[in-house]
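What's in model15.cif: mmCIF, C-alpha atoms
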data_upload
#
loop_
_atom_site.label_atom_id
_atom_site.label_comp_id
_atom_site.auth_asym_id
_atom_site.auth_seq_id
_atom_site.Cartn_x
_atom_site.Cartn_y
_atom_site.Cartn_z
CA MET A 1 9.54 -26.34 -19.72
CA ASN A 2 12.78 -28.27 -19.98
CA LEU A 3 13.21 -30.19 -16.75
CA SER A 4 16.92 -30.82 -17.24
CA ASN A 5 17.47 -27.12 -16.63
CA LEU A 6 16.00 -27.47 -13.15
CA ALA A 7 18.72 -29.89 -12.10
CA ASN A 8 21.62 -27.49 -12.51
CA LEU A 9 19.79 -24.63 -10.87
CA SER A 10 22.26 -22.80 -8.68
CA VAL A 11 21.87 -19.62 -6.68
CA GLY A 12 21.41 -17.41 -9.68
CA LEU A 13 18.88 -14.78 -10.53
CA SER A 14 15.98 -17.22 -10.93
CA THR A 15 16.46 -18.67 -7.45
CA TYR A 16 16.21 -15.24 -5.87
CA LEU A 17 13.16 -14.50 -7.98
CA LEU A 18 11.56 -17.76 -6.85
CA VAL A 19 12.14 -16.89 -3.18
CA ALA A 20 10.62 -13.45 -3.78
CA ALA A 21 7.63 -14.98 -5.59
CA MET A 22 7.06 -17.34 -2.68
CA LEU A 23 7.15 -14.49 -0.15
CA PHE A 24 4.83 -12.44 -2.36
CA CYS A 25 2.26 -15.22 -2.64
CA LEU A 26 2.33 -15.87 1.11
CA GLY A 27 1.61 -12.18 1.64
CA LEU A 28 -1.18 -12.34 -0.93
CA TYR A 29 -2.72 -15.28 0.92
CA GLY A 30 -2.51 -13.35 4.18
CA ILE A 31 -4.32 -10.36 2.68
CA PHE A 32 -7.08 -12.58 1.34
CA ALA A 33 -7.51 -14.84 4.33
CA LYS A 34 -6.96 -12.83 7.50
CA ARG A 35 -9.62 -11.13 9.57
CA ASN A 36 -7.46 -8.96 11.77
CA MET A 37 -6.51 -5.61 10.24
CA ILE A 38 -3.01 -5.73 11.70
CA ALA A 39 -2.44 -9.16 10.15
CA ILE A 40 -3.40 -7.71 6.77
CA LEU A 41 -0.88 -4.89 7.25
CA MET A 42 1.79 -7.46 8.13
CA SER A 43 1.03 -9.44 4.98
CA MET A 44 1.37 -6.24 2.98
CA GLU A 45 4.84 -5.72 4.44
CA LEU A 46 5.77 -9.25 3.32
CA MET A 47 4.72 -8.41 -0.24
CA LEU A 48 6.74 -5.18 -0.23
CA ASN A 49 9.76 -7.16 0.98
CA ALA A 50 9.37 -9.57 -1.92
CA VAL A 51 9.33 -6.67 -4.37
CA ASN A 52 12.49 -5.28 -2.76
CA ILE A 53 14.25 -8.63 -3.23
CA ASN A 54 13.31 -8.46 -6.91
CA PHE A 55 14.73 -4.93 -7.28
CA VAL A 56 18.02 -5.84 -5.64
CA ALA A 57 18.33 -9.17 -7.48
CA PHE A 58 17.79 -7.63 -10.90
CA ASN A 59 20.26 -4.90 -10.04
CA ARG A 60 22.80 -7.48 -8.87
CA PHE A 61 22.57 -9.77 -11.86
CA LEU A 62 21.64 -7.56 -14.80
CA TRP A 63 23.71 -4.37 -14.43
CA ASN A 64 26.18 -3.73 -17.12
CA GLN A 65 29.29 -1.83 -16.18
CA LYS A 66 29.77 -0.67 -19.74
CA VAL A 67 26.49 1.23 -19.71
CA ASP A 68 27.21 3.77 -17.02
CA VAL A 69 29.43 3.09 -14.07
CA HIS A 70 27.81 5.78 -11.92
CA TYR A 71 24.28 4.49 -12.18
CA ILE A 72 24.86 0.82 -11.40
CA LEU A 73 22.93 0.97 -8.12
CA THR A 74 19.60 2.33 -9.36
CA GLY A 75 17.86 -0.83 -8.19
CA HIS A 76 19.14 -0.26 -4.66
CA VAL A 77 17.77 3.28 -4.72
CA ALA A 78 14.38 1.98 -5.88
CA ALA A 79 14.35 -0.53 -3.02
CA LEU A 80 15.31 2.26 -0.62
CA PHE A 81 12.34 4.36 -1.72
CA VAL A 82 10.06 1.34 -1.33
CA ILE A 83 11.32 0.98 2.26
CA ILE A 84 10.67 4.70 2.93
CA VAL A 85 7.13 4.55 1.56
CA ALA A 86 6.48 1.31 3.45
CA ALA A 87 7.54 2.95 6.71
CA ALA A 88 5.20 5.91 6.10
CA GLU A 89 2.41 3.56 5.05
CA VAL A 90 2.66 1.32 8.10
CA ALA A 91 2.72 4.34 10.43
CA VAL A 92 -0.48 5.76 8.94
CA GLY A 93 -2.03 2.29 8.69
CA LEU A 94 -1.45 1.43 12.33
CA ALA A 95 -2.73 4.87 13.37
CA LEU A 96 -5.90 4.15 11.39
CA VAL A 97 -6.21 0.75 13.08
CA ILE A 98 -5.93 2.40 16.50
CA ALA A 99 -8.44 5.11 15.55
CA VAL A 100 -10.93 2.51 14.30
CA TYR A 101 -10.38 0.41 17.41
CA ARG A 102 -11.07 3.41 19.65
CA ASN A 103 -14.37 4.15 17.92
CA HIS A 104 -15.67 0.64 17.25
CA LYS A 105 -13.75 -1.63 19.66
CA THR A 106 -12.84 -4.08 16.90
CA THR A 107 -10.06 -4.79 14.43
CA ASN A 108 -12.02 -7.43 12.50
CA VAL A 109 -12.39 -6.31 8.89
CA ASP A 110 -15.57 -8.42 8.49
CA GLU A 111 -17.32 -6.10 10.97
CA LEU A 112 -16.11 -2.89 9.32
CA ASN A 113 -18.93 -2.77 6.79
CA TRP A 114 -20.81 0.37 7.77
CA LEU A 115 -19.99 1.98 4.43
CA LYS A 116 -22.11 -0.68 2.72
CA TRP A 117 -25.55 0.46 1.63
CA MET B 1 29.49 -21.61 1.15
CA GLY B 2 27.34 -18.87 -0.29
CA THR B 3 24.87 -21.45 -1.54
CA VAL B 4 24.48 -23.02 1.90
CA VAL B 5 24.01 -19.63 3.57
CA PHE B 6 21.52 -18.64 0.89
CA PHE B 7 19.36 -21.71 1.34
CA ILE B 8 19.44 -21.53 5.15
CA PHE B 9 18.24 -17.94 5.22
CA ALA B 10 15.88 -18.20 2.26
CA ILE B 11 14.15 -21.13 3.95
CA LEU B 12 14.16 -19.19 7.22
CA ALA B 13 12.54 -16.15 5.59
CA ILE B 14 9.89 -18.23 3.82
CA ALA B 15 9.13 -20.40 6.85
CA ALA B 16 8.77 -17.28 9.00
CA ALA B 17 6.45 -15.75 6.39
CA TRP B 18 4.42 -18.98 6.50
CA GLY B 19 4.26 -18.57 10.26
CA VAL B 20 3.02 -14.98 9.86
CA VAL B 21 0.05 -16.00 7.73
CA THR B 22 -0.85 -19.24 9.51
CA SER B 23 -0.27 -18.48 13.19
CA LYS B 24 -3.41 -18.29 15.30
CA ASN B 25 -1.78 -15.98 17.82
CA ILE B 26 -1.23 -12.53 16.36
CA MET B 27 1.66 -11.81 18.71
CA HIS B 28 3.46 -14.83 17.27
CA SER B 29 2.66 -13.50 13.79
CA ALA B 30 4.32 -10.18 14.63
CA LEU B 31 7.45 -11.90 15.96
CA TYR B 32 7.63 -14.23 12.93
CA LEU B 33 7.44 -11.06 10.83
CA ALA B 34 10.59 -9.72 12.47
CA LEU B 35 12.32 -13.07 11.80
CA SER B 36 11.30 -12.98 8.15
CA PHE B 37 12.65 -9.44 7.78
CA SER B 38 15.98 -10.53 9.26
CA GLY B 39 16.23 -13.45 6.84
CA VAL B 40 15.62 -11.10 3.93
CA ALA B 41 18.40 -8.83 5.26
CA VAL B 42 20.86 -11.74 4.98
CA LEU B 43 19.71 -12.29 1.38
CA TYR B 44 20.57 -8.62 0.72
CA VAL B 45 24.08 -9.21 2.06
CA LEU B 46 24.45 -12.14 -0.33
CA MET B 47 23.48 -9.82 -3.19
CA ASN B 48 26.24 -7.26 -2.41
CA ALA B 49 23.66 -4.87 -0.96
CA ASP B 50 25.29 -4.24 2.40
CA TYR B 51 23.76 -0.79 2.89
CA LEU B 52 20.25 -2.05 2.15
CA ALA B 53 20.77 -4.94 4.57
CA GLY B 54 21.57 -2.44 7.30
CA VAL B 55 18.54 -0.33 6.41
CA GLN B 56 16.38 -3.45 6.36
CA LEU B 57 17.49 -4.42 9.88
CA LEU B 58 17.09 -0.88 11.23
CA VAL B 59 13.81 0.11 9.61
CA TYR B 60 11.97 -3.18 9.22
CA THR B 61 13.16 -5.36 12.09
CA GLY B 62 13.83 -2.51 14.47
CA GLY B 63 11.08 -0.08 13.51
CA ILE B 64 8.15 -1.56 11.69
CA ALA B 65 8.04 -4.92 13.51
CA ILE B 66 8.17 -3.18 16.89
CA MET B 67 5.48 -0.72 15.83
CA VAL B 68 3.29 -3.66 14.79
CA VAL B 69 3.87 -5.29 18.19
CA PHE B 70 2.77 -2.07 19.91
CA ALA B 71 -0.36 -1.82 17.78
CA VAL B 72 -1.16 -5.47 18.54
CA MET B 73 -0.87 -4.85 22.26
CA LEU B 74 -3.01 -1.69 22.06
CA THR B 75 -5.86 -3.38 20.19
CA LEU B 76 -5.88 -6.84 21.74
CA ARG B 77 -9.25 -8.11 22.93
CA GLY B 78 -10.34 -11.50 24.20
CA ASP B 79 -8.21 -14.62 24.10
CA VAL B 80 -4.80 -14.03 22.53
CA ARG B 81 -4.65 -17.64 21.32
CA GLU B 82 -7.56 -17.02 18.97
CA SER B 83 -6.65 -13.45 18.03
CA ASN B 84 -5.74 -14.05 14.37
CA PRO B 85 -8.48 -16.10 12.71
CA GLU B 86 -9.08 -16.79 9.04
CA ASN B 87 -12.20 -15.45 7.39
CA ARG B 88 -14.79 -17.54 5.58
CA VAL B 89 -13.22 -17.28 2.13
CA TRP B 90 -9.66 -18.27 3.05
CA GLY B 91 -9.88 -21.26 0.70
CA TRP B 92 -10.34 -18.96 -2.27
CA GLY B 93 -7.40 -16.89 -1.10
CA ALA B 94 -5.21 -19.99 -0.85
CA LEU B 95 -6.32 -21.12 -4.31
CA ILE B 96 -5.67 -17.75 -5.94
CA SER B 97 -2.27 -17.24 -4.32
CA THR B 98 -1.22 -20.80 -5.22
CA LEU B 99 -2.21 -20.21 -8.84
CA MET B 100 -0.37 -16.89 -8.78
CA PHE B 101 2.77 -18.61 -7.49
CA ILE B 102 2.53 -21.31 -10.17
CA VAL B 103 2.26 -18.69 -12.90
CA LEU B 104 5.19 -16.71 -11.51
CA ALA B 105 7.32 -19.86 -11.12
CA VAL B 106 6.61 -20.96 -14.69
CA VAL B 107 7.57 -17.53 -15.99
CA ILE B 108 10.77 -17.42 -13.94
CA LEU B 109 11.88 -20.98 -14.73
CA THR B 110 11.17 -20.82 -18.44
CA ASN B 111 12.82 -17.46 -19.08
CA ALA B 112 16.31 -18.38 -20.27
CA ASP B 113 17.54 -14.78 -20.00
CA TRP B 114 17.19 -14.90 -16.24
CA ARG B 115 19.30 -18.03 -15.71
CA ILE B 116 22.34 -16.02 -14.68
CA LEU B 117 25.00 -17.18 -12.26
CA PRO B 118 26.47 -14.62 -9.89
CA THR B 119 29.73 -12.86 -10.49
CA ALA B 120 32.31 -12.72 -7.74
CA TRP B 121 31.78 -10.59 -4.66
CA ASP B 122 33.23 -7.24 -5.61
CA ASN B 123 34.25 -6.33 -2.07
CA VAL B 124 33.33 -2.63 -2.24
CA GLY B 125 30.57 -1.22 -0.12
CA SER B 126 27.52 0.20 -1.82
CA ALA B 127 26.85 3.05 0.63
CA ALA B 128 29.11 5.59 -1.10
CA ASP B 129 27.59 4.96 -4.54
CA ILE B 130 24.03 5.08 -3.16
CA SER B 131 24.69 8.40 -1.42
CA LEU B 132 26.11 9.78 -4.67
CA LEU B 133 22.99 8.70 -6.56
CA LEU B 134 20.63 10.06 -3.89
CA LEU B 135 22.26 13.48 -3.95
CA THR B 136 22.60 13.84 -7.72
CA LYS B 137 20.25 11.92 -9.97
CA PHE B 138 17.54 11.21 -7.41
CA MET B 139 17.74 14.41 -5.39
CA VAL B 140 14.16 15.55 -5.94
CA PRO B 141 12.60 12.16 -5.02
CA PHE B 142 14.92 12.06 -2.00
CA GLU B 143 13.65 15.41 -0.71
CA ALA B 144 10.08 14.42 -1.54
CA ALA B 145 10.57 11.27 0.53
CA ALA B 146 11.71 13.41 3.45
CA VAL B 147 8.55 15.54 3.17
CA LEU B 148 6.44 12.38 2.82
CA LEU B 149 7.89 10.89 6.00
CA THR B 150 7.32 14.08 7.98
CA VAL B 151 3.74 14.47 6.78
CA ALA B 152 2.99 10.78 7.32
CA LEU B 153 4.27 10.80 10.89
CA VAL B 154 2.39 13.99 11.77
CA GLY B 155 -0.73 12.49 10.19
CA ALA B 156 -0.23 9.24 12.11
CA VAL B 157 -0.03 11.11 15.41
CA ILE B 158 -3.16 13.13 14.56
CA LEU B 159 -5.06 9.99 13.52
CA ALA B 160 -4.04 7.96 16.56
CA LYS B 161 -4.44 10.71 19.15
CA GLY B 162 -7.38 12.61 17.74
CA VAL B 163 -7.71 16.36 17.38
CA LYS B 164 -9.14 18.34 20.27
CA VAL B 165 -11.69 20.79 18.95
CA SER B 166 -11.01 24.26 20.37
CA LYS B 167 -13.63 26.95 20.64
#
Would you write out, as structure tokens, the structure that this file holds?
Amino acid sequence: MNLSNLANLSVGLSTYLLVAAMLFCLGLYGIFAKRNMIAILMSMELMLNAVNINFVAFNRFLWNQKVDVHYILTGHVAALFVIIVAAAEVAVGLALVIAVYRNHKTTNVDELNWLKW
Amino acid sequence: MGTVVFFIFAILAIAAAWGVVTSKNIMHSALYLALSFSGVAVLYVLMNADYLAGVQLLVYTGGIAIMVVFAVMLTLRGDVRESNPENRVWGWGALISTLMFIVLAVVILTNADWRILPTAWDNVGSAADISLLLLTKFMVPFEAAAVLLTVALVGAVILAKGVKVSK
């Protein structure tokens, strides 16, 4: 890695990608380290946000107007579908959390091991 | 100007995400989550994605974060200050995610193709072009997403409320 390139790093594509990577890894840590089911769902939302930043950043910096002027926003549409699926996922996920809480009076994933043999 | 705004809100989003995963109080985690979503929305504005920034604020900050707050309040037990503990293997999680970040950062910083500086703000909204795409090229996925949302919300209500067995 050439360190002189780091000095003139401006807000280009790689800076956005670094921010997204940082958000993604924080979400990954949350999924690994948290006990509360709702905290794990929140960490998952952070990771989906990081992926959305990547979609929009690549679309912003890599589109080529000469290719096809009508399809320059495909990355935005991909991010939009990620948002839709994330909304559906968090609705079902929180409903599952509430259903589990009603039956077992806990949201701690370490105690949810009754499927183990 | 754009650089200063970018760094303010990028640091805000990352610091709020740090607060989500390290806060001991899960209610604070949920509120930090809303802050992180808002910071990401400003990053969308800086990337000419005005429509997505609006959707981000409406769906994530306004919808998902509030739904998480409701779920937290419905399932809270015991002391709220100790409601979001780490499990026993959090050290491994920290190690693996740090390694993952190092790998990603090396890939990003060494790839010369991605060292692109932004072009000027083109000053046209993206909503018209996105609607055109959604109703022509991506029409079938768009309708499928509508069905998915309906089914997911009905399923969420059934899961959360329970089905009464009738004779």
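Between atom CA of A:Met22 and atom CA of B:Asn87 lies a distance of 21.8 Å.
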- Take the point (10.4, 7.0, 4.5) in the file's coordinates, draw a sphere of radius 6 Å around it, and report as number ranges by chain every protein, DNA or RNA residue with an atom inside or on it, counting only C-alpha atoms. A: 84-85, 87-88; B: 145, 149
- Given the file shown, enumerate the residues that the PyMOL selection byres ((chain B and resi 81) around 10) captures and present them as a PyMOL selection string. chain B and resi 23-28+78-80+82-85
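Residues of chain A lying within 6 Å of chain B, counting only C-alpha atoms, are A:Met1, A:Gly12, A:Leu13, A:Ser14, A:Cys25, A:Tyr29, A:Gly30, A:Phe32, A:Ala33, A:Lys34, A:Arg35, A:Asn36, A:Ala88, A:Ala91, A:Val92, A:Ala95, A:Ile98, A:Ala99.
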With C-alpha atoms kept, could you save the residues just selected as a PDB file, in the coordinates of the input?
ATOM      1  CA  MET A   1       9.540 -26.340 -19.720  1.00  0.00           C
ATOM      2  CA  GLY A  12      21.410 -17.410  -9.680  1.00  0.00           C
ATOM      3  CA  LEU A  13      18.880 -14.780 -10.530  1.00  0.00           C
ATOM      4  CA  SER A  14      15.980 -17.220 -10.930  1.00  0.00           C
ATOM      5  CA  CYS A  25       2.260 -15.220  -2.640  1.00  0.00           C
ATOM      6  CA  TYR A  29      -2.720 -15.280   0.920  1.00  0.00           C
ATOM      7  CA  GLY A  30      -2.510 -13.350   4.180  1.00  0.00           C
ATOM      8  CA  PHE A  32      -7.080 -12.580   1.340  1.00  0.00           C
ATOM      9  CA  ALA A  33      -7.510 -14.840   4.330  1.00  0.00           C
ATOM     10  CA  LYS A  34      -6.960 -12.830   7.500  1.00  0.00           C
ATOM     11  CA  ARG A  35      -9.620 -11.130   9.570  1.00  0.00           C
ATOM     12  CA  ASN A  36      -7.460  -8.960  11.770  1.00  0.00           C
ATOM     13  CA  ALA A  88       5.200   5.910   6.100  1.00  0.00           C
ATOM     14  CA  ALA A  91       2.720   4.340  10.430  1.00  0.00           C
ATOM     15  CA  VAL A  92      -0.480   5.760   8.940  1.00  0.00           C
ATOM     16  CA  ALA A  95      -2.730   4.870  13.370  1.00  0.00           C
ATOM     17  CA  ILE A  98      -5.930   2.400  16.500  1.00  0.00           C
ATOM     18  CA  ALA A  99      -8.440   5.110  15.550  1.00  0.00           C
TER      19      ALA A  99
END
Selection result of the PyMOL selection byres ((chain A and resi 74-80) around 6) on this file, as a PDB file with C-alpha atoms, in the coordinates of the input:
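As a result, expr-v7.pdb now contains:
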ATOM      1  CA  ASN A  52      12.490  -5.280  -2.760  1.00  0.00           C
ATOM      2  CA  PHE A  55      14.730  -4.930  -7.280  1.00  0.00           C
ATOM      3  CA  VAL A  56      18.020  -5.840  -5.640  1.00  0.00           C
ATOM      4  CA  ASN A  59      20.260  -4.900 -10.040  1.00  0.00           C
ATOM      5  CA  TYR A  71      24.280   4.490 -12.180  1.00  0.00           C
ATOM      6  CA  ILE A  72      24.860   0.820 -11.400  1.00  0.00           C
ATOM      7  CA  LEU A  73      22.930   0.970  -8.120  1.00  0.00           C
ATOM      8  CA  PHE A  81      12.340   4.360  -1.720  1.00  0.00           C
ATOM      9  CA  VAL A  82      10.060   1.340  -1.330  1.00  0.00           C
ATOM     10  CA  ILE A  83      11.320   0.980   2.260  1.00  0.00           C
TER      11      ILE A  83
END
When the PyMOL selection byres ((chain A and resi 23) around 8) is applied to the structure above, which residues does it catch, written out as a PDB file with C-alpha atoms, in the frame of the given file?
ATOM      1  CA  VAL A  19      12.140 -16.890  -3.180  1.00  0.00           C
ATOM      2  CA  ALA A  20      10.620 -13.450  -3.780  1.00  0.00           C
ATOM      3  CA  ALA A  21       7.630 -14.980  -5.590  1.00  0.00           C
ATOM      4  CA  MET A  22       7.060 -17.340  -2.680  1.00  0.00           C
ATOM      5  CA  PHE A  24       4.830 -12.440  -2.360  1.00  0.00           C
ATOM      6  CA  CYS A  25       2.260 -15.220  -2.640  1.00  0.00           C
ATOM      7  CA  LEU A  26       2.330 -15.870   1.110  1.00  0.00           C
ATOM      8  CA  GLY A  27       1.610 -12.180   1.640  1.00  0.00           C
ATOM      9  CA  LEU A  46       5.770  -9.250   3.320  1.00  0.00           C
ATOM     10  CA  MET A  47       4.720  -8.410  -0.240  1.00  0.00           C
ATOM     11  CA  ASN A  49       9.760  -7.160   0.980  1.00  0.00           C
ATOM     12  CA  ALA A  50       9.370  -9.570  -1.920  1.00  0.00           C
TER      13      ALA A  50
ATOM     14  CA  ILE B  14       9.890 -18.230   3.820  1.00  0.00           C
ATOM     15  CA  ALA B  17       6.450 -15.750   6.390  1.00  0.00           C
TER      16      ALA B  17
END
- Can you tell me how far atom CA of A:Asn108 sits from atom CA of A:Leu96, in Å to one decimal? 13.1 Å
- All residues 8 Å or closer to A:Asn54, all atoms listed in the file, same chain fewer than 3 positions away omitted, as a PyMOL selection string: chain A and resi 16-17+20+50-51+57-58
Writer output for current selection, C-alpha atoms, as a PDB file, keeping the file's coordinate frame:
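Written output follows (out.pdb):
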ATOM      1  CA  TYR A  16      16.210 -15.240  -5.870  1.00  0.00           C
ATOM      2  CA  LEU A  17      13.160 -14.500  -7.980  1.00  0.00           C
ATOM      3  CA  ALA A  20      10.620 -13.450  -3.780  1.00  0.00           C
ATOM      4  CA  ALA A  50       9.370  -9.570  -1.920  1.00  0.00           C
ATOM      5  CA  VAL A  51       9.330  -6.670  -4.370  1.00  0.00           C
ATOM      6  CA  ALA A  57      18.330  -9.170  -7.480  1.00  0.00           C
ATOM      7  CA  PHE A  58      17.790  -7.630 -10.900  1.00  0.00           C
TER       8      PHE A  58
END
